[in-house]
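S.K.: My questions all concern the structure below.
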Amino acid sequence: MFWRFLYTGVNDGFYNMALDEAIYENFKDLKAFYPTIRFYTFSPPAITIGYHQNIEDTKYEILRFAQNDRPDCRQASYDIVRRPTGGRAVIHKNDITYSMVFAQDDQFFGGSTIETYKFISELFAKAIRKLGIKTELVKINTNHRLTSHQSPLCFSIPSRYELVVEGEKILGSAQKREDGFILQQGSLIFKGNRNEVVNAIREEMKDNGIEFIEVGLTNKEIKLARSIVAKYKSQK
């Protein structure tokens, strides 16, 4: 089965979210098009808010937690943008972000929400271990309802089938499901060379039987992303 592999480099948070939505909508429309994994980064740094979080109600709290939890965040200025996927807020600074678009019955990653998280995290874990990093898959659900004293940030606590290194969460993911199609977005905190980990994940996918076709972004996807980026800039 062929997948499309994209490494689109640096864009701002608004365009990155618009592009993920455009790839997802294009895949849903065409149905016969290739499932896609995309890696990308943010400039300026961004905080993406989960689809069900409210930007205006939470942004100051999120910035406060970000500055307390991550010393590297204290001097940064952030774009704040709402994701099309759920979950909690994610700081995109010195991370590598990925998105995957595929059908719910995909032979490699399809299934229920929790099954999909498990399949993708297991593959990422194998790739990261081959780089000499001892990462573990969280098998017990440690997530719980937030109180006023708990962080609204995704990386404050690991959830089931996310990845940790020495107890610290390094991979967080969230999904959108619609009409039998899945968009999964995630952030990987990786202190090494970004190209190295992206290539390791690509090779692990190939080792698991996935073939890649050399197809870039389509004109339709680029045009759609540009047409909806204003929506992400105006969301509250």
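Following the order of the structure tokens, first chain is A, next is B, and so on, with residues numbered from 1 inside each chain and ligands from 1 in the order they appear.
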Hey, what's within 12 Å of Gln107 in chain A if we count only C-alpha atoms and toss same-chain stuff fewer than 5 positions away? As a list of chain:residue names, please?
M.R.: A:Met1, A:Phe2, A:Trp3, A:Pro35, A:Phe102, A:Thr116, A:Phe119, A:Asn208, A:Gly209, A:Ile210
S.K.: Could those residues be written to a file, using C-alpha atoms, as a CSV table (one decimal), in the first residue's frame?
M.R.:
```csv
chain,number,residue,atom,x,y,z
A,1,MET,CA,0.0,0.0,0.0
A,2,PHE,CA,1.3,3.4,-1.0
A,3,TRP,CA,1.5,6.4,1.4
A,35,PRO,CA,-3.0,8.5,2.8
A,102,PHE,CA,-6.0,8.0,6.4
A,116,THR,CA,-5.1,4.0,16.2
A,119,PHE,CA,-0.5,1.5,16.4
A,208,ASN,CA,6.4,-2.4,8.3
A,209,GLY,CA,5.4,-2.8,4.7
A,210,ILE,CA,4.4,0.7,3.8
```
S.K.: Contacts of Lys134 in chain A at 10 Å or less, counting only C-alpha atoms, minus same-chain residues fewer than 6 places along, as a PDB file with N, CA and C atoms, in the first residue's frame?
M.R.:
```pdb
ATOM      1  N   ALA A 125       7.709   4.606  18.627  1.00  0.00           N
ATOM      2  CA  ALA A 125       8.589   4.132  19.687  1.00  0.00           C
ATOM      3  C   ALA A 125       9.715   3.267  19.122  1.00  0.00           C
ATOM      4  N   LYS A 126       9.387   2.379  18.186  1.00  0.00           N
ATOM      5  CA  LYS A 126      10.409   1.525  17.579  1.00  0.00           C
ATOM      6  C   LYS A 126      11.452   2.363  16.847  1.00  0.00           C
ATOM      7  N   ILE A 128      12.276   5.544  17.401  1.00  0.00           N
ATOM      8  CA  ILE A 128      13.058   6.338  18.351  1.00  0.00           C
ATOM      9  C   ILE A 128      14.060   5.464  19.101  1.00  0.00           C
ATOM     10  N   VAL A 164       6.872   8.141  26.731  1.00  0.00           N
ATOM     11  CA  VAL A 164       7.625   8.828  27.771  1.00  0.00           C
ATOM     12  C   VAL A 164       9.077   8.375  27.729  1.00  0.00           C
ATOM     13  N   VAL A 165       9.963   9.247  28.163  1.00  0.00           N
ATOM     14  CA  VAL A 165      11.369   8.927  28.369  1.00  0.00           C
ATOM     15  C   VAL A 165      11.714   9.338  29.789  1.00  0.00           C
ATOM     16  N   GLU A 166      12.103   8.357  30.588  1.00  0.00           N
ATOM     17  CA  GLU A 166      12.408   8.589  32.007  1.00  0.00           C
ATOM     18  C   GLU A 166      11.265   9.331  32.700  1.00  0.00           C
TER      19      GLU A 166
END
```
S.K.: Check range 154-225 of chain A with DSSP on the backbone and list each residue it calls alpha helix (DSSP H), as a list in words.
M.R.: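 Filtering range 154-225 of chain A down to alpha helix (DSSP H) leaves Arg194, Asn195, Glu196, Val197, Val198, Asn199, Ala200, Ile201, Arg202, Glu203, Glu204, Met205, Lys206, Asp207, Asn219, Lys220, Glu221, Ile222, Lys223, Leu224 and Ala225 of chain A.
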S.K.: For the residues in that selection, give me N, CA and C atoms as a PDB file, in the first residue's frame.
M.R.:
```pdb
ATOM      1  N   ARG A 194      16.350  16.839  13.987  1.00  0.00           N
ATOM      2  CA  ARG A 194      14.983  16.580  13.532  1.00  0.00           C
ATOM      3  C   ARG A 194      14.949  15.686  12.301  1.00  0.00           C
ATOM      4  N   ASN A 195      15.855  15.934  11.362  1.00  0.00           N
ATOM      5  CA  ASN A 195      15.887  15.106  10.156  1.00  0.00           C
ATOM      6  C   ASN A 195      16.150  13.648  10.495  1.00  0.00           C
ATOM      7  N   GLU A 196      16.953  13.427  11.513  1.00  0.00           N
ATOM      8  CA  GLU A 196      17.292  12.065  11.922  1.00  0.00           C
ATOM      9  C   GLU A 196      16.055  11.309  12.396  1.00  0.00           C
ATOM     10  N   VAL A 197      15.241  11.940  13.230  1.00  0.00           N
ATOM     11  CA  VAL A 197      14.064  11.243  13.743  1.00  0.00           C
ATOM     12  C   VAL A 197      13.000  11.101  12.665  1.00  0.00           C
ATOM     13  N   VAL A 198      12.848  12.086  11.793  1.00  0.00           N
ATOM     14  CA  VAL A 198      11.892  11.969  10.688  1.00  0.00           C
ATOM     15  C   VAL A 198      12.283  10.808   9.777  1.00  0.00           C
ATOM     16  N   ASN A 199      13.557  10.702   9.451  1.00  0.00           N
ATOM     17  CA  ASN A 199      14.026   9.616   8.601  1.00  0.00           C
ATOM     18  C   ASN A 199      13.860   8.266   9.284  1.00  0.00           C
ATOM     19  N   ALA A 200      14.080   8.230  10.608  1.00  0.00           N
ATOM     20  CA  ALA A 200      13.911   6.976  11.349  1.00  0.00           C
ATOM     21  C   ALA A 200      12.460   6.502  11.297  1.00  0.00           C
ATOM     22  N   ILE A 201      11.521   7.425  11.423  1.00  0.00           N
ATOM     23  CA  ILE A 201      10.103   7.065  11.355  1.00  0.00           C
ATOM     24  C   ILE A 201       9.737   6.592   9.950  1.00  0.00           C
ATOM     25  N   ARG A 202      10.247   7.280   8.955  1.00  0.00           N
ATOM     26  CA  ARG A 202       9.995   6.855   7.573  1.00  0.00           C
ATOM     27  C   ARG A 202      10.520   5.444   7.332  1.00  0.00           C
ATOM     28  N   GLU A 203      11.738   5.160   7.797  1.00  0.00           N
ATOM     29  CA  GLU A 203      12.317   3.825   7.598  1.00  0.00           C
ATOM     30  C   GLU A 203      11.537   2.766   8.365  1.00  0.00           C
ATOM     31  N   GLU A 204      11.048   3.102   9.545  1.00  0.00           N
ATOM     32  CA  GLU A 204      10.254   2.149  10.319  1.00  0.00           C
ATOM     33  C   GLU A 204       8.932   1.844   9.606  1.00  0.00           C
ATOM     34  N   MET A 205       8.330   2.845   8.999  1.00  0.00           N
ATOM     35  CA  MET A 205       7.114   2.611   8.224  1.00  0.00           C
ATOM     36  C   MET A 205       7.401   1.681   7.051  1.00  0.00           C
ATOM     37  N   LYS A 206       8.530   1.888   6.379  1.00  0.00           N
ATOM     38  CA  LYS A 206       8.903   1.019   5.263  1.00  0.00           C
ATOM     39  C   LYS A 206       9.160  -0.403   5.742  1.00  0.00           C
ATOM     40  N   ASP A 207       9.794  -0.538   6.913  1.00  0.00           N
ATOM     41  CA  ASP A 207      10.053  -1.867   7.470  1.00  0.00           C
ATOM     42  C   ASP A 207       8.758  -2.611   7.808  1.00  0.00           C
ATOM     43  N   ASN A 219      -2.080  21.129  -6.100  1.00  0.00           N
ATOM     44  CA  ASN A 219      -2.543  22.511  -6.253  1.00  0.00           C
ATOM     45  C   ASN A 219      -3.856  22.725  -5.508  1.00  0.00           C
ATOM     46  N   LYS A 220      -4.702  21.712  -5.487  1.00  0.00           N
ATOM     47  CA  LYS A 220      -5.978  21.813  -4.778  1.00  0.00           C
ATOM     48  C   LYS A 220      -5.762  21.999  -3.285  1.00  0.00           C
ATOM     49  N   GLU A 221      -4.825  21.249  -2.712  1.00  0.00           N
ATOM     50  CA  GLU A 221      -4.541  21.358  -1.274  1.00  0.00           C
ATOM     51  C   GLU A 221      -3.968  22.727  -0.927  1.00  0.00           C
ATOM     52  N   ILE A 222      -3.037  23.204  -1.737  1.00  0.00           N
ATOM     53  CA  ILE A 222      -2.423  24.509  -1.478  1.00  0.00           C
ATOM     54  C   ILE A 222      -3.471  25.608  -1.584  1.00  0.00           C
ATOM     55  N   LYS A 223      -4.294  25.548  -2.627  1.00  0.00           N
ATOM     56  CA  LYS A 223      -5.331  26.567  -2.822  1.00  0.00           C
ATOM     57  C   LYS A 223      -6.334  26.555  -1.673  1.00  0.00           C
ATOM     58  N   LEU A 224      -6.738  25.352  -1.228  1.00  0.00           N
ATOM     59  CA  LEU A 224      -7.695  25.257  -0.129  1.00  0.00           C
ATOM     60  C   LEU A 224      -7.089  25.780   1.166  1.00  0.00           C
ATOM     61  N   ALA A 225      -5.835  25.422   1.440  1.00  0.00           N
ATOM     62  CA  ALA A 225      -5.174  25.899   2.664  1.00  0.00           C
ATOM     63  C   ALA A 225      -5.122  27.422   2.695  1.00  0.00           C
TER      64      ALA A 225
END
```
S.K.: Excluding Asp29 in chain A and its own-chain neighbours fewer than 3 positions away, which residues fall within 12 Å of it when counting only C-alpha atoms? Please give them as an MDAnalysis selection string.
M.R.: chainID A and resid 22:26 32:34 103 178:181 220:221
S.K.: Quick check for you: according to DSSP on this backbone, which residues of range 153-205 of chain A are classed as strand (DSSP E or B)? Reply as an MDAnalysis selection string.
M.R.: chainID A and resid 153 163:165 168:178 181:188
S.K.: Take CA of Phe5 in chain A and CA of Ile120 in chain A and report the distance between them in Å, one decimal.
M.R.: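 According to the coordinates, CA of Phe5 in chain A and CA of Ile120 in chain A are separated by 14.9 Å.
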S.K.: Ranking A:Tyr98, A:Tyr232, A:Phe108, A:Tyr161 by minimum distance to Gln184 in chain A and counting only C-alpha atoms, which one comes first?
M.R.: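 Among the listed residues, the smallest separation from Gln184 in chain A belongs to A:Tyr98.
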S.K.: Can you pull out every residue within 6 Å of Tyr7 in chain A, counting only C-alpha atoms, but drop anything in the same chain fewer than 4 positions away, and send it as a PyMOL selection string?
M.R.: chain A and resi 38-40
S.K.: Keeping only N, CA and C atoms, write the selected residues to a file as a PDB file, in the first residue's frame.
M.R.:
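The new file out-v2.pdb reads:
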```pdb
ATOM      1  N   ARG A  38       2.665  13.826   7.314  1.00  0.00           N
ATOM      2  CA  ARG A  38       3.373  15.088   7.097  1.00  0.00           C
ATOM      3  C   ARG A  38       4.104  15.496   8.372  1.00  0.00           C
ATOM      4  N   PHE A  39       5.358  15.910   8.237  1.00  0.00           N
ATOM      5  CA  PHE A  39       6.121  16.482   9.340  1.00  0.00           C
ATOM      6  C   PHE A  39       6.350  17.960   9.054  1.00  0.00           C
ATOM      7  N   TYR A  40       6.331  18.771  10.139  1.00  0.00           N
ATOM      8  CA  TYR A  40       6.499  20.208   9.956  1.00  0.00           C
ATOM      9  C   TYR A  40       6.882  20.861  11.275  1.00  0.00           C
TER      10      TYR A  40
END
```
S.K.: Counting only C-alpha atoms, which residue out of A:Arg4, A:Lys231, A:Arg83, A:Arg160 sits closest to Lys176 in chain A?
M.R.: A:Arg83
S.K.: Considering only C-alpha atoms, can you say which of A:Leu163, A:Ile133, A:Ile80, A:Ala89 comes closest to Gly192 in chain A?
M.R.: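 Nearest candidate to Gly192 in chain A out of A:Leu163, A:Ile133, A:Ile80, A:Ala89: A:Ile133.
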S.K.: If we count only C-alpha atoms and set the cut-off at 8 Å, which residues sit around range 48-53 of chain A, ignoring sequence neighbours fewer than 5 positions away in its own chain? Please answer as a PyMOL selection string.
M.R.: chain A and resi 13+58+80-92
